[in-house]
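Chemist: Structure file protein07.cif (mmCIF, C-alpha atoms) right here:
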```cif
data_query
#
loop_
_atom_site.label_atom_id
_atom_site.label_comp_id
_atom_site.auth_asym_id
_atom_site.auth_seq_id
_atom_site.Cartn_x
_atom_site.Cartn_y
_atom_site.Cartn_z
CA MET A 112 0.00 0.00 0.00
CA ARG A 113 2.85 2.38 0.86
CA ALA A 114 4.62 1.76 -2.44
CA SER A 115 1.35 2.15 -4.35
CA SER A 116 0.59 5.49 -2.66
CA LEU A 117 4.07 6.76 -3.52
CA GLN A 118 3.60 5.77 -7.16
CA HIS A 119 0.35 7.71 -7.32
CA SER A 120 1.55 10.70 -5.26
CA LEU A 121 1.66 13.86 -7.32
CA ARG A 122 4.18 15.44 -4.92
CA THR A 123 6.49 12.42 -5.18
CA ARG A 124 6.26 12.38 -8.95
CA LEU A 125 6.98 16.11 -9.24
CA LEU A 126 9.93 15.94 -6.84
CA GLY A 127 11.28 12.85 -8.58
CA LEU A 128 11.01 14.51 -12.00
CA LEU A 129 12.73 17.66 -10.71
CA LEU A 130 15.54 15.58 -9.19
CA VAL A 131 16.01 13.72 -12.46
CA ALA A 132 15.97 17.03 -14.33
CA ILE A 133 18.68 18.47 -12.04
CA VAL A 134 20.89 15.38 -12.38
CA VAL A 135 20.41 15.19 -16.15
CA SER A 136 21.14 18.93 -16.47
CA ALA A 137 24.34 18.53 -14.43
CA LEU A 138 25.45 15.57 -16.55
CA ALA A 139 24.61 17.36 -19.77
CA GLN A 140 26.49 20.45 -18.63
CA GLY A 141 29.47 18.29 -17.69
CA VAL A 142 29.48 16.59 -21.10
CA VAL A 143 29.18 19.92 -22.90
CA ALA A 144 31.87 21.47 -20.70
CA TYR A 145 34.19 18.51 -21.33
CA GLY A 146 33.69 18.70 -25.07
CA THR A 147 34.19 22.47 -25.12
CA ALA A 148 37.30 22.25 -22.92
CA ARG A 149 38.69 19.46 -25.08
CA ALA A 150 38.19 21.50 -28.25
CA GLU A 151 39.73 24.63 -26.72
CA ALA A 152 42.68 22.64 -25.35
CA ASP A 153 43.27 21.10 -28.76
CA GLN A 154 43.33 24.52 -30.38
CA ILE A 155 45.67 26.03 -27.75
CA PHE A 156 48.09 23.12 -27.63
CA ASP A 157 48.14 22.66 -31.40
CA TYR A 158 49.03 26.31 -31.75
CA HIS A 159 51.75 26.00 -29.11
CA MET A 160 53.19 22.92 -30.81
CA GLN A 161 53.17 24.68 -34.15
CA GLN A 162 54.94 27.72 -32.74
CA THR A 163 57.56 25.51 -31.06
CA ALA A 164 58.29 23.73 -34.34
CA LEU A 165 58.49 27.02 -36.23
CA ALA A 166 61.00 28.30 -33.68
CA LEU A 167 63.26 25.35 -34.58
CA ARG A 168 63.29 26.02 -38.33
CA PRO A 169 66.76 27.71 -38.27
CA GLY A 170 68.15 24.37 -37.12
CA LEU A 171 70.11 23.23 -34.10
CA THR A 172 72.99 25.28 -32.78
CA ALA A 173 76.39 23.88 -32.16
CA ARG A 174 76.58 20.62 -30.35
CA GLY A 175 72.86 19.94 -30.85
CA ALA A 176 71.60 22.68 -28.56
CA LEU A 177 68.23 24.26 -29.00
CA PRO A 178 67.92 27.87 -30.13
CA PRO A 179 67.82 30.27 -27.18
CA ASP A 180 64.17 31.27 -27.84
CA VAL A 181 62.91 27.68 -27.22
CA ASP A 182 62.08 27.03 -23.56
CA VAL A 183 62.56 23.31 -22.92
CA ASP A 184 61.20 23.55 -19.38
CA GLU A 185 57.98 25.04 -20.68
CA ALA A 186 57.74 22.33 -23.29
CA GLU A 187 58.22 19.63 -20.68
CA ASN A 188 55.62 21.28 -18.43
CA PHE A 189 53.05 20.60 -21.08
CA GLU A 190 54.42 17.10 -21.68
CA PHE A 191 55.82 18.27 -25.00
CA MET A 192 58.54 16.19 -26.65
CA VAL A 193 60.80 17.56 -29.35
CA GLN A 194 62.77 15.46 -31.81
CA VAL A 195 64.91 16.64 -34.67
CA TRP A 196 65.96 14.40 -37.57
CA THR A 197 68.43 15.06 -40.31
CA ALA A 198 67.55 14.51 -43.93
CA ASP A 199 69.49 11.23 -43.74
CA GLY A 200 67.27 9.92 -40.93
CA LEU A 201 69.69 10.57 -38.11
CA ARG A 202 68.07 11.78 -34.90
CA VAL A 203 70.17 14.62 -33.65
CA PHE A 204 68.02 15.80 -30.76
CA GLN A 205 65.44 14.30 -28.35
CA SER A 206 64.03 16.38 -25.48
CA ALA A 207 62.27 13.54 -23.69
CA ARG A 208 64.02 10.24 -23.21
CA ARG A 209 61.03 8.22 -22.09
CA ALA A 210 59.25 8.14 -25.43
CA ALA A 211 60.47 7.51 -28.94
CA LEU A 212 58.35 8.60 -31.88
CA PRO A 213 58.38 6.76 -35.19
CA GLN A 214 61.09 7.95 -37.55
CA ARG A 215 58.67 8.30 -40.46
CA ALA A 216 56.76 11.50 -39.97
CA VAL A 217 53.61 12.77 -41.60
CA LEU A 218 54.02 16.47 -42.24
CA GLY A 219 51.52 18.61 -40.35
CA PHE A 220 49.35 17.32 -37.53
CA SER A 221 48.75 13.60 -36.94
CA ASP A 222 47.88 11.19 -34.14
CA VAL A 223 50.52 8.53 -33.46
CA LYS A 224 50.23 5.52 -31.17
CA ALA A 225 53.41 4.70 -29.30
CA GLN A 226 54.19 2.88 -26.05
CA GLY A 227 50.57 2.20 -25.27
CA THR A 228 49.35 5.79 -25.60
CA ILE A 229 48.39 8.25 -28.31
CA TYR A 230 50.50 11.28 -29.14
CA ARG A 231 49.48 14.40 -31.00
CA VAL A 232 52.40 15.10 -33.37
CA PHE A 233 53.24 18.13 -35.48
CA SER A 234 55.97 17.59 -38.05
CA LEU A 235 57.76 20.37 -39.96
CA GLN A 236 60.35 19.84 -42.68
CA THR A 237 63.12 22.38 -43.27
CA ARG A 238 65.94 22.39 -45.86
CA SER A 239 68.11 20.07 -43.80
CA GLN A 240 66.00 18.72 -40.94
CA VAL A 241 62.61 17.34 -39.87
CA VAL A 242 61.31 18.79 -36.61
CA GLN A 243 58.69 16.85 -34.59
CA VAL A 244 56.82 18.26 -31.61
CA ALA A 245 54.59 15.73 -29.79
CA GLN A 246 52.27 15.74 -26.79
CA ASP A 247 50.60 12.89 -24.92
CA MET A 248 46.81 13.16 -25.47
CA ALA A 249 46.23 12.10 -21.84
CA VAL A 250 47.33 15.58 -20.79
CA ARG A 251 44.60 17.17 -22.86
CA ARG A 252 41.97 14.76 -21.60
CA GLU A 253 43.01 15.38 -18.00
CA MET A 254 42.75 19.13 -18.45
CA ALA A 255 39.31 18.83 -20.07
CA ARG A 256 38.10 16.60 -17.23
CA ASN A 257 39.31 19.04 -14.60
CA LEU A 258 37.58 21.93 -16.32
CA ALA A 259 34.33 19.96 -16.64
CA LEU A 260 34.46 18.98 -12.96
CA ARG A 261 35.02 22.60 -11.95
CA THR A 262 31.97 23.54 -14.03
CA VAL A 263 29.69 20.81 -12.59
CA ALA A 264 30.93 21.02 -9.00
CA PRO A 265 28.79 24.08 -8.10
CA ILE A 266 25.67 22.32 -9.35
CA VAL A 267 26.49 19.21 -7.31
CA VAL A 268 26.97 21.36 -4.22
CA LEU A 269 23.76 23.32 -4.87
CA ALA A 270 21.64 20.25 -5.77
CA PRO A 271 20.40 19.69 -2.17
CA LEU A 272 19.48 23.37 -1.94
CA LEU A 273 17.71 23.13 -5.30
CA MET A 274 15.79 20.10 -4.03
CA LEU A 275 14.71 21.97 -0.90
CA VAL A 276 13.51 24.86 -3.04
CA ALA A 277 11.68 22.44 -5.35
CA TRP A 278 10.07 20.70 -2.35
CA ALA A 279 8.89 24.06 -0.96
CA VAL A 280 7.53 25.19 -4.34
CA VAL A 281 5.71 21.90 -4.97
CA SER A 282 4.26 21.82 -1.46
CA SER A 283 3.01 25.39 -1.68
CA SER A 284 1.56 24.74 -5.14
CA LEU A 285 -0.30 21.65 -3.91
CA ALA A 286 -1.55 23.33 -0.73
CA PRO A 287 -4.93 24.26 -2.33
CA VAL A 288 -5.49 20.60 -3.22
CA GLN A 289 -4.89 19.62 0.41
CA ARG A 290 -7.26 22.37 1.55
CA VAL A 291 -10.03 21.09 -0.73
CA ARG A 292 -9.37 17.52 0.46
CA ARG A 293 -9.69 18.59 4.10
CA GLN A 294 -12.94 20.44 3.35
CA VAL A 295 -14.49 17.39 1.72
CA ALA A 296 -13.15 14.98 4.38
CA ALA A 297 -14.62 17.08 7.21
CA ARG A 298 -18.14 17.05 5.75
CA GLN A 299 -21.07 15.10 7.07
CA ALA A 300 -22.85 12.67 4.76
CA ASP A 301 -25.77 15.08 4.25
CA ASP A 302 -23.63 18.20 3.72
CA LEU A 303 -23.87 18.98 0.00
CA SER A 304 -22.89 22.64 0.19
CA GLU A 305 -20.39 24.05 -2.29
CA VAL A 306 -16.66 23.59 -1.82
CA GLY A 307 -14.77 26.89 -1.53
CA ALA A 308 -13.03 27.76 -4.81
CA HIS A 309 -11.24 30.87 -3.52
CA ASP A 310 -7.56 31.28 -4.49
CA LEU A 311 -7.47 27.98 -6.36
CA PRO A 312 -5.09 27.54 -9.33
CA ASP A 313 -6.60 27.57 -12.80
CA GLU A 314 -5.81 23.85 -13.17
CA ILE A 315 -7.80 22.88 -10.06
CA ARG A 316 -10.69 25.37 -10.21
CA PRO A 317 -12.53 23.53 -13.06
CA LEU A 318 -12.41 20.28 -11.02
CA VAL A 319 -13.85 22.01 -7.95
CA ASN A 320 -16.50 23.73 -10.09
CA GLU A 321 -17.57 20.38 -11.54
CA LEU A 322 -17.62 18.93 -8.03
CA ASN A 323 -19.90 21.76 -6.89
CA LEU A 324 -22.19 21.14 -9.87
CA LEU A 325 -22.33 17.47 -8.91
CA PHE A 326 -23.20 18.42 -5.33
CA ALA A 327 -25.95 20.69 -6.66
CA ARG A 328 -27.44 17.90 -8.77
CA VAL A 329 -27.29 15.43 -5.89
CA ARG A 330 -28.81 18.03 -3.55
CA GLN A 331 -31.61 18.65 -6.02
CA ALA A 332 -32.24 14.92 -6.36
CA PHE A 333 -32.30 14.51 -2.55
CA GLU A 334 -34.72 17.40 -2.15
CA ALA A 335 -36.97 16.02 -4.88
CA GLN A 336 -36.85 12.61 -3.24
CA LYS A 337 -37.73 14.02 0.18
CA SER A 338 -40.56 16.02 -1.34
CA PHE A 339 -41.78 12.94 -3.17
CA VAL A 340 -41.73 10.81 -0.03
CA ALA A 341 -43.62 13.47 1.91
CA ASP A 342 -46.24 13.86 -0.82
CA ALA A 343 -46.57 10.11 -1.25
CA ALA A 344 -47.06 9.58 2.49
CA HIS A 345 -49.72 12.29 2.52
CA GLU A 346 -51.56 10.94 -0.50
CA LEU A 347 -51.49 7.34 0.68
CA ARG A 348 -53.29 8.21 3.91
CA SER A 349 -56.58 8.94 2.16
CA PRO A 350 -56.94 5.69 0.16
CA LEU A 351 -55.74 3.60 3.12
CA ALA A 352 -58.27 5.31 5.42
CA ALA A 353 -60.99 4.78 2.80
CA LEU A 354 -60.08 1.09 2.56
CA LYS A 355 -60.32 0.78 6.34
CA LEU A 356 -63.79 2.37 6.33
CA GLN A 357 -64.91 0.11 3.49
CA VAL A 358 -63.73 -2.95 5.41
CA GLN A 359 -65.68 -1.75 8.43
CA GLY A 360 -68.73 -1.19 6.22
CA LEU A 361 -68.41 -4.73 4.90
CA GLN A 362 -68.25 -6.07 8.44
CA ARG A 363 -71.40 -4.16 9.43
CA ALA A 364 -73.41 -5.17 6.38
CA GLY A 365 -76.67 -6.81 7.52
CA ASP A 366 -77.70 -8.66 4.35
CA ASP A 367 -76.23 -10.07 1.19
CA ALA A 368 -77.10 -7.01 -0.93
CA ALA A 369 -75.33 -4.66 1.51
CA ARG A 370 -72.32 -6.97 1.68
CA GLU A 371 -72.21 -7.08 -2.14
CA ARG A 372 -72.22 -3.27 -2.39
CA ALA A 373 -69.57 -3.00 0.33
CA ALA A 374 -67.40 -5.60 -1.42
CA GLN A 375 -67.71 -3.71 -4.72
CA ARG A 376 -66.69 -0.45 -3.04
CA LEU A 377 -63.80 -2.26 -1.35
CA ASN A 378 -62.61 -3.70 -4.69
CA ALA A 379 -62.85 -0.28 -6.29
CA GLY A 380 -60.85 1.23 -3.43
CA ILE A 381 -58.19 -1.48 -3.74
CA ASP A 382 -57.97 -0.80 -7.48
CA ARG A 383 -57.49 2.92 -6.86
CA ALA A 384 -54.83 2.27 -4.20
CA THR A 385 -53.06 -0.18 -6.50
CA ARG A 386 -53.11 2.33 -9.33
CA LEU A 387 -51.77 5.04 -7.02
CA VAL A 388 -48.90 2.83 -5.83
CA GLU A 389 -48.03 1.89 -9.40
CA GLN A 390 -47.97 5.52 -10.44
CA LEU A 391 -45.84 6.42 -7.44
CA LEU A 392 -43.31 3.73 -8.33
CA VAL A 393 -43.16 4.90 -11.93
CA LEU A 394 -42.68 8.51 -10.85
CA ALA A 395 -39.95 7.53 -8.37
CA ARG A 396 -38.10 5.70 -11.13
CA HIS A 397 -38.14 8.55 -13.63
CA GLN A 398 -38.30 11.81 -11.70
CA ALA A 399 -34.62 11.71 -10.64
CA GLY A 400 -33.71 12.10 -14.32
CA ALA A 401 -31.67 8.93 -14.72
CA ALA A 402 -32.50 5.90 -16.80
CA ALA A 403 -31.59 2.32 -16.06
CA VAL A 404 -29.85 1.94 -19.42
CA PRO A 405 -28.08 4.40 -21.72
CA ALA A 406 -30.18 6.20 -24.32
CA GLN A 407 -30.76 4.21 -27.50
CA PRO A 408 -32.31 5.07 -30.88
CA VAL A 409 -36.08 4.60 -30.54
CA ALA A 410 -38.60 4.52 -33.42
CA LEU A 411 -41.34 6.76 -32.00
CA ALA A 412 -44.04 5.47 -34.39
CA GLU A 413 -43.46 1.86 -33.33
CA VAL A 414 -43.72 2.76 -29.64
CA ALA A 415 -46.92 4.70 -30.39
CA ARG A 416 -48.51 1.67 -32.01
CA MET A 417 -47.56 -0.53 -29.02
CA ALA A 418 -49.00 2.00 -26.57
CA VAL A 419 -52.27 2.14 -28.53
CA ALA A 420 -52.43 -1.66 -28.55
CA ASP A 421 -51.99 -1.63 -24.73
CA ALA A 422 -54.84 0.85 -24.29
CA MET A 423 -57.20 -0.76 -26.83
CA PRO A 424 -59.05 -3.05 -24.34
CA ALA A 425 -59.98 -0.06 -22.15
CA ALA A 426 -61.17 1.88 -25.23
CA GLN A 427 -63.28 -1.02 -26.45
CA ALA A 428 -64.83 -1.46 -23.01
CA ARG A 429 -66.14 2.10 -23.24
CA GLY A 430 -66.98 1.96 -26.93
CA MET A 431 -64.44 4.62 -27.85
CA ASP A 432 -62.61 5.21 -31.13
CA LEU A 433 -58.85 4.92 -30.47
CA GLY A 434 -56.34 5.03 -33.31
CA VAL A 435 -53.14 6.36 -34.88
CA PRO A 436 -54.19 8.43 -37.90
CA GLN A 437 -50.61 9.54 -38.66
CA ALA A 438 -47.27 7.97 -37.71
CA ASP A 439 -44.30 9.46 -39.57
CA ALA A 440 -41.06 7.52 -39.52
CA GLY A 441 -38.27 8.85 -37.34
CA GLU A 442 -36.08 8.04 -34.36
CA VAL A 443 -35.19 9.82 -31.13
CA ASP A 444 -32.49 9.19 -28.55
CA GLY A 445 -34.27 7.80 -25.52
CA HIS A 446 -35.63 4.85 -23.60
CA ALA A 447 -38.37 2.83 -25.24
CA GLU A 448 -40.02 1.65 -22.01
CA ALA A 449 -40.13 5.18 -20.55
CA LEU A 450 -41.64 6.55 -23.77
CA ARG A 451 -44.21 3.77 -23.75
CA ILE A 452 -45.19 4.74 -20.17
CA LEU A 453 -45.49 8.39 -21.27
CA MET A 454 -47.85 7.48 -24.10
CA ARG A 455 -49.85 5.08 -21.91
CA ASN A 456 -50.43 7.78 -19.32
CA LEU A 457 -51.58 10.25 -21.96
CA LEU A 458 -53.92 7.66 -23.49
CA ASP A 459 -55.24 6.56 -20.09
CA ASN A 460 -56.07 10.15 -19.16
CA ALA A 461 -57.72 10.79 -22.52
CA LEU A 462 -59.83 7.61 -22.28
CA LYS A 463 -60.74 8.22 -18.65
CA TYR A 464 -61.91 11.83 -19.06
CA SER A 465 -63.61 11.47 -22.44
CA PRO A 466 -67.29 10.43 -22.57
CA GLU A 467 -68.26 6.94 -23.67
CA GLY A 468 -68.31 6.62 -27.43
CA GLY A 469 -65.78 9.46 -27.80
CA THR A 470 -62.61 9.66 -29.84
CA VAL A 471 -58.93 9.57 -28.86
CA ASP A 472 -56.16 9.95 -31.45
CA LEU A 473 -52.38 9.59 -31.11
CA THR A 474 -50.25 11.03 -33.92
CA VAL A 475 -46.53 11.19 -34.66
CA ARG A 476 -45.63 13.91 -37.15
CA ARG A 477 -42.22 15.03 -38.36
CA GLU A 478 -41.66 18.78 -38.43
CA GLY A 479 -38.18 19.73 -39.63
CA ALA A 480 -35.64 18.51 -37.08
CA SER A 481 -38.34 17.52 -34.58
CA LEU A 482 -40.79 14.69 -34.05
CA LEU A 483 -44.11 15.88 -32.62
CA LEU A 484 -46.12 13.40 -30.53
CA ALA A 485 -49.72 14.51 -29.96
CA VAL A 486 -52.65 12.94 -28.06
CA GLU A 487 -56.05 14.63 -28.39
CA ASP A 488 -59.49 13.62 -27.22
CA SER A 489 -63.14 14.65 -27.39
CA GLY A 490 -63.47 15.21 -23.65
CA PRO A 491 -64.11 18.41 -21.71
CA GLY A 492 -60.47 19.54 -21.85
CA ILE A 493 -58.68 21.58 -19.18
CA ALA A 494 -59.20 25.27 -18.51
CA GLU A 495 -56.24 27.44 -19.52
CA GLU A 496 -55.55 28.57 -15.96
CA GLU A 497 -55.30 24.94 -14.79
CA ARG A 498 -52.96 23.65 -17.52
CA GLU A 499 -49.76 24.45 -15.65
CA ARG A 500 -50.99 23.17 -12.29
CA VAL A 501 -52.15 19.78 -13.57
CA LEU A 502 -48.49 18.97 -14.27
CA ASP A 503 -47.78 19.08 -10.52
CA ARG A 504 -47.92 15.88 -8.54
CA PHE A 505 -51.24 14.93 -6.93
CA HIS A 506 -53.05 17.96 -8.36
CA ARG A 507 -56.48 17.31 -9.85
CA VAL A 508 -58.82 19.75 -11.58
CA PRO A 509 -61.56 20.79 -9.13
CA GLY A 510 -64.88 19.11 -9.84
CA THR A 511 -63.34 16.13 -11.62
CA GLU A 512 -65.48 13.03 -11.09
CA ALA A 513 -63.27 10.44 -12.80
CA PRO A 514 -61.08 8.47 -10.38
CA GLY A 515 -57.39 9.24 -10.39
CA SER A 516 -54.30 10.05 -8.31
CA GLY A 517 -53.14 13.24 -9.95
CA LEU A 518 -49.85 11.64 -11.02
CA GLY A 519 -50.44 10.81 -14.70
CA LEU A 520 -49.36 14.14 -16.19
CA ALA A 521 -46.62 14.55 -13.55
CA ILE A 522 -45.11 11.30 -14.81
CA VAL A 523 -45.44 12.52 -18.40
CA LYS A 524 -43.61 15.72 -17.44
CA ALA A 525 -40.78 13.81 -15.71
CA ILE A 526 -40.24 11.49 -18.70
CA ALA A 527 -40.37 14.41 -21.15
CA GLU A 528 -37.70 16.26 -19.13
CA LEU A 529 -35.62 13.08 -19.06
CA HIS A 530 -35.62 13.10 -22.88
CA GLY A 531 -35.13 16.86 -23.23
CA ALA A 532 -38.56 17.18 -24.87
CA ALA A 533 -40.96 20.12 -24.71
CA LEU A 534 -44.41 19.42 -23.19
CA ARG A 535 -47.38 21.61 -24.13
CA LEU A 536 -51.09 21.44 -23.21
CA GLY A 537 -53.79 23.04 -25.33
CA GLN A 538 -57.21 22.58 -26.87
CA SER A 539 -57.86 20.19 -29.73
CA GLN A 540 -59.23 22.11 -32.70
CA ARG A 541 -60.40 18.91 -34.38
CA LEU A 542 -61.94 16.96 -31.48
CA GLY A 543 -62.71 19.79 -29.06
CA GLY A 544 -61.06 18.27 -25.97
CA LEU A 545 -57.53 18.35 -24.57
CA ARG A 546 -54.50 18.25 -26.85
CA VAL A 547 -51.14 17.26 -25.33
CA GLU A 548 -48.01 17.74 -27.46
CA VAL A 549 -44.53 16.40 -26.73
CA GLU A 550 -41.85 17.70 -29.09
CA PHE A 551 -38.68 15.55 -29.40
CA ARG A 552 -35.48 16.31 -31.24
CA ALA A 553 -35.19 13.78 -34.07
CA ARG A 554 -32.00 11.84 -34.75
CA GLY A 555 -30.11 12.48 -37.96
#
```
Would it be possible to restate this file's structure as structure tokens?
Modeler:
Amino acid sequence: MRASSLQHSLRTRLLGLLLVAIVVSALAQGVVAYGTARAEADQIFDYHMQQTALALRPGLTARGALPPDVDVDEAENFEFMVQVWTADGLRVFQSARRAALPQRAVLGFSDVKAQGTIYRVFSLQTRSQVVQVAQDMAVRREMARNLALRTVAPIVVLAPLLMLVAWAVVSSSLAPVQRVRRQVAARQADDLSEVGAHDLPDEIRPLVNELNLLFARVRQAFEAQKSFVADAAHELRSPLAALKLQVQGLQRAGDDAARERAAQRLNAGIDRATRLVEQLLVLARHQAGAAAVPAQPVALAEVARMAVADAMPAAQARGMDLGVPQADAGEVDGHAEALRILMRNLLDNALKYSPEGGTVDLTVRREGASLLLAVEDSGPGIAEEERERVLDRFHRVPGTEAPGSGLGLAIVKAIAELHGAALRLGQSQRLGGLRVEVEFRARG
């Protein structure tokens, strides 16, 4: 666990990367310094060797002595070796006795391997002699290494200080992240207030903003759920109390006819309570705005035909004309089962509030980039001032005699919002009753 946390620690990764960057920079600077020093040393020493050879062009003095302007001590200080050959191949002078260069010389500069090392040799031919000035290449390499070490040494000494500075900078930069973490860790389970975004870096502020938006959505869902539970508890009291009274009435019935009427009222009450519970469960599933499965392409006309087939037995029982006069082809992004529940609720309301022998039509019409679903009936309709309120849960139009729970249109509204559709209520110009339109954005 400890190793895993270190691997995923942003502070550890940043500090590790900075340490690697410092070490790599020091090594790179050392390599560059070594190469530069080596090139400069080559230029300086080559020039010195060339000048030494040129000073010997007049030839040796009597008894093989060097000209007075040639400083042998200086030459030996730089590990220089001087040899002079006659035109007949006779070596007449050798400044260093520990190394012997090949007798055959390549005029100009050349690299010669002798006695297990490499010498840089400059050869100059005069009228009567060949002058060779040589230097062991190890001297040049040693000087370049020393110069590179002197260049890198300050960085090596300052590396711990650089690491302390990097640690302080990284810690101060990550302090806002720690502050946000402490704020979230100190919260209670029901605390969905916003996290403070003050003085946060630009890289962290979007994350905190999204976190606050998530808290807002969860808070809204919790509030809607609490409101739903409160409303459901309130609405369930009435049907349960009515069922209790109907049971008591059945127990007090004195004859078979009274018991039959009480049993019928009890069955009707059970049906209403069952319908209310079913509607409550449907609303609870869809009002939070989340579907069980991701949105899929749905053929709206096919779902409309299935919903009409589901509602056909109820229409036939009341002698009503139910059909789909128009069903244009088209698909929407959504959930087929939820859309089927939406259409069933609209059809159930239309059938329930229309008189026997009336007409209910469901149409799907394409209008530009939209698919318009419309359900209209020949019932009494809804007054204009009540059209907004009937979309609220458990609200029923005053004076309505048909049984219901006041949840049908609330469920329709929740499913429409889930699909990003526009819901409109109006009057049917053709049938005279209520017209409900749901406008979806078509795919493609």
Chemist: I'd like to see the residues matched by the PyMOL selection byres ((chain A and resi 161) around 10) on this file, and ideally I'd get them as number ranges by chain.
Modeler: A: 155-160, 162-166, 219-220, 232-235, 243-244
Chemist: Which residues are close to A:Gly146, i.e. within 10 Å by all atoms listed in the file, leaving aside same-chain residues fewer than 4 positions away? Reply as a ChimeraX atom specification.
Modeler: /A:140-142,150-152,252,255-256,259
Chemist: Between atom CA of A:Val414 and atom CA of A:Leu536, what is the distance, to one decimal in Å?
Modeler: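 These atoms are spaced 21.1 Å apart.
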Chemist: Evaluate the PyMOL selection byres ((chain A and resi 296-305) around 9) here and jot the selected residues down as a VMD selection string.
Modeler: chain A and resid 291 to 295 306 to 308 319 to 320 322 to 324 326 to 327 329 to 330
Chemist: When you draw a straight line from atom CA of A:Arg429 to atom CA of A:Val358, how long is it in Å?
Modeler: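 Spanning atom CA of A:Arg429 to atom CA of A:Val358 is a straight-line distance of 29.2 Å.
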Chemist: For this file, the PyMOL selection byres ((chain A and resi 230) around 12) selects which residues, as a PyMOL selection string?
Modeler: chain A and resi 157+190-192+210-213+220-229+231-233+243-252
Chemist: How many Å separate atom CA of A:Asp444 from atom CA of A:His530?
Modeler: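 Atom CA of A:Asp444 sits 7.6 Å away from atom CA of A:His530.
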Chemist: Step by step: start from the point (-53.9, 18.7, -18.2) in the file's coordinates, keep every protein, DNA or RNA residue that has an atom no farther than 12 Å from it, count all atoms listed in the file, and write the set as a tab-separated table (two decimals) with C-alpha atoms, keeping the file's coordinate frame.
Modeler:
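File written: result.tsv
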```tsv
chain	number	residue	atom	x	y	z
A	456	ASN	CA	-50.43	7.78	-19.32
A	457	LEU	CA	-51.58	10.25	-21.96
A	460	ASN	CA	-56.07	10.15	-19.16
A	461	ALA	CA	-57.72	10.79	-22.52
A	464	TYR	CA	-61.91	11.83	-19.06
A	486	VAL	CA	-52.65	12.94	-28.06
A	487	GLU	CA	-56.05	14.63	-28.39
A	488	ASP	CA	-59.49	13.62	-27.22
A	490	GLY	CA	-63.47	15.21	-23.65
A	491	PRO	CA	-64.11	18.41	-21.71
A	492	GLY	CA	-60.47	19.54	-21.85
A	493	ILE	CA	-58.68	21.58	-19.18
A	494	ALA	CA	-59.20	25.27	-18.51
A	495	GLU	CA	-56.24	27.44	-19.52
A	496	GLU	CA	-55.55	28.57	-15.96
A	497	GLU	CA	-55.30	24.94	-14.79
A	498	ARG	CA	-52.96	23.65	-17.52
A	499	GLU	CA	-49.76	24.45	-15.65
A	500	ARG	CA	-50.99	23.17	-12.29
A	501	VAL	CA	-52.15	19.78	-13.57
A	502	LEU	CA	-48.49	18.97	-14.27
A	503	ASP	CA	-47.78	19.08	-10.52
A	504	ARG	CA	-47.92	15.88	-8.54
A	506	HIS	CA	-53.05	17.96	-8.36
A	507	ARG	CA	-56.48	17.31	-9.85
A	508	VAL	CA	-58.82	19.75	-11.58
A	511	THR	CA	-63.34	16.13	-11.62
A	517	GLY	CA	-53.14	13.24	-9.95
A	518	LEU	CA	-49.85	11.64	-11.02
A	519	GLY	CA	-50.44	10.81	-14.70
A	520	LEU	CA	-49.36	14.14	-16.19
A	521	ALA	CA	-46.62	14.55	-13.55
A	522	ILE	CA	-45.11	11.30	-14.81
A	523	VAL	CA	-45.44	12.52	-18.40
A	524	LYS	CA	-43.61	15.72	-17.44
A	534	LEU	CA	-44.41	19.42	-23.19
A	535	ARG	CA	-47.38	21.61	-24.13
A	536	LEU	CA	-51.09	21.44	-23.21
A	537	GLY	CA	-53.79	23.04	-25.33
A	538	GLN	CA	-57.21	22.58	-26.87
A	544	GLY	CA	-61.06	18.27	-25.97
A	545	LEU	CA	-57.53	18.35	-24.57
A	546	ARG	CA	-54.50	18.25	-26.85
A	547	VAL	CA	-51.14	17.26	-25.33
A	548	GLU	CA	-48.01	17.74	-27.46
```
Chemist: With only C-alpha atoms as the basis for distance, which of A:Ala406, A:Val134, A:Val471, A:Ala418 is at the shortest distance from A:Leu433?
Modeler: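 Checking each of A:Ala406, A:Val134, A:Val471, A:Ala418 against A:Leu433, counting only C-alpha atoms, the winner is A:Val471.
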Chemist: First collect every listed atom of stretch 316-326 of chain A; then fit an axis-aligned box around them, widen it by 6 Å on each side, and give centre and edge lengths in Å to one decimal, as AutoDock Vina command-line options.
Modeler:
```
--center_x -16.9 --center_y 21.4 --center_z -9.2 --size_x 24.5 --size_y 19.9 --size_z 19.7
```
Chemist: I need the residue nearest A:Arg376 from this list: A:Ala415, A:Val263, A:Leu354, A:Ala198. Use all atoms listed in the file for the distance.
Modeler: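 Of A:Ala415, A:Val263, A:Leu354, A:Ala198, the one nearest A:Arg376 is A:Leu354, counting all atoms listed in the file.
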Chemist: Measuring atom to atom with all atoms listed in the file, identify which of A:Leu126, A:Ala438, A:Ala480, A:Val443 is nearest to A:Leu275.
Modeler: A:Leu126
Chemist: Which is closest to A:Ala137 among A:Leu218, A:Ile266, A:Ala364, A:Met254, if we use only C-alpha atoms?
Modeler: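 Of A:Leu218, A:Ile266, A:Ala364, A:Met254, the one nearest A:Ala137 is A:Ile266, counting only C-alpha atoms.
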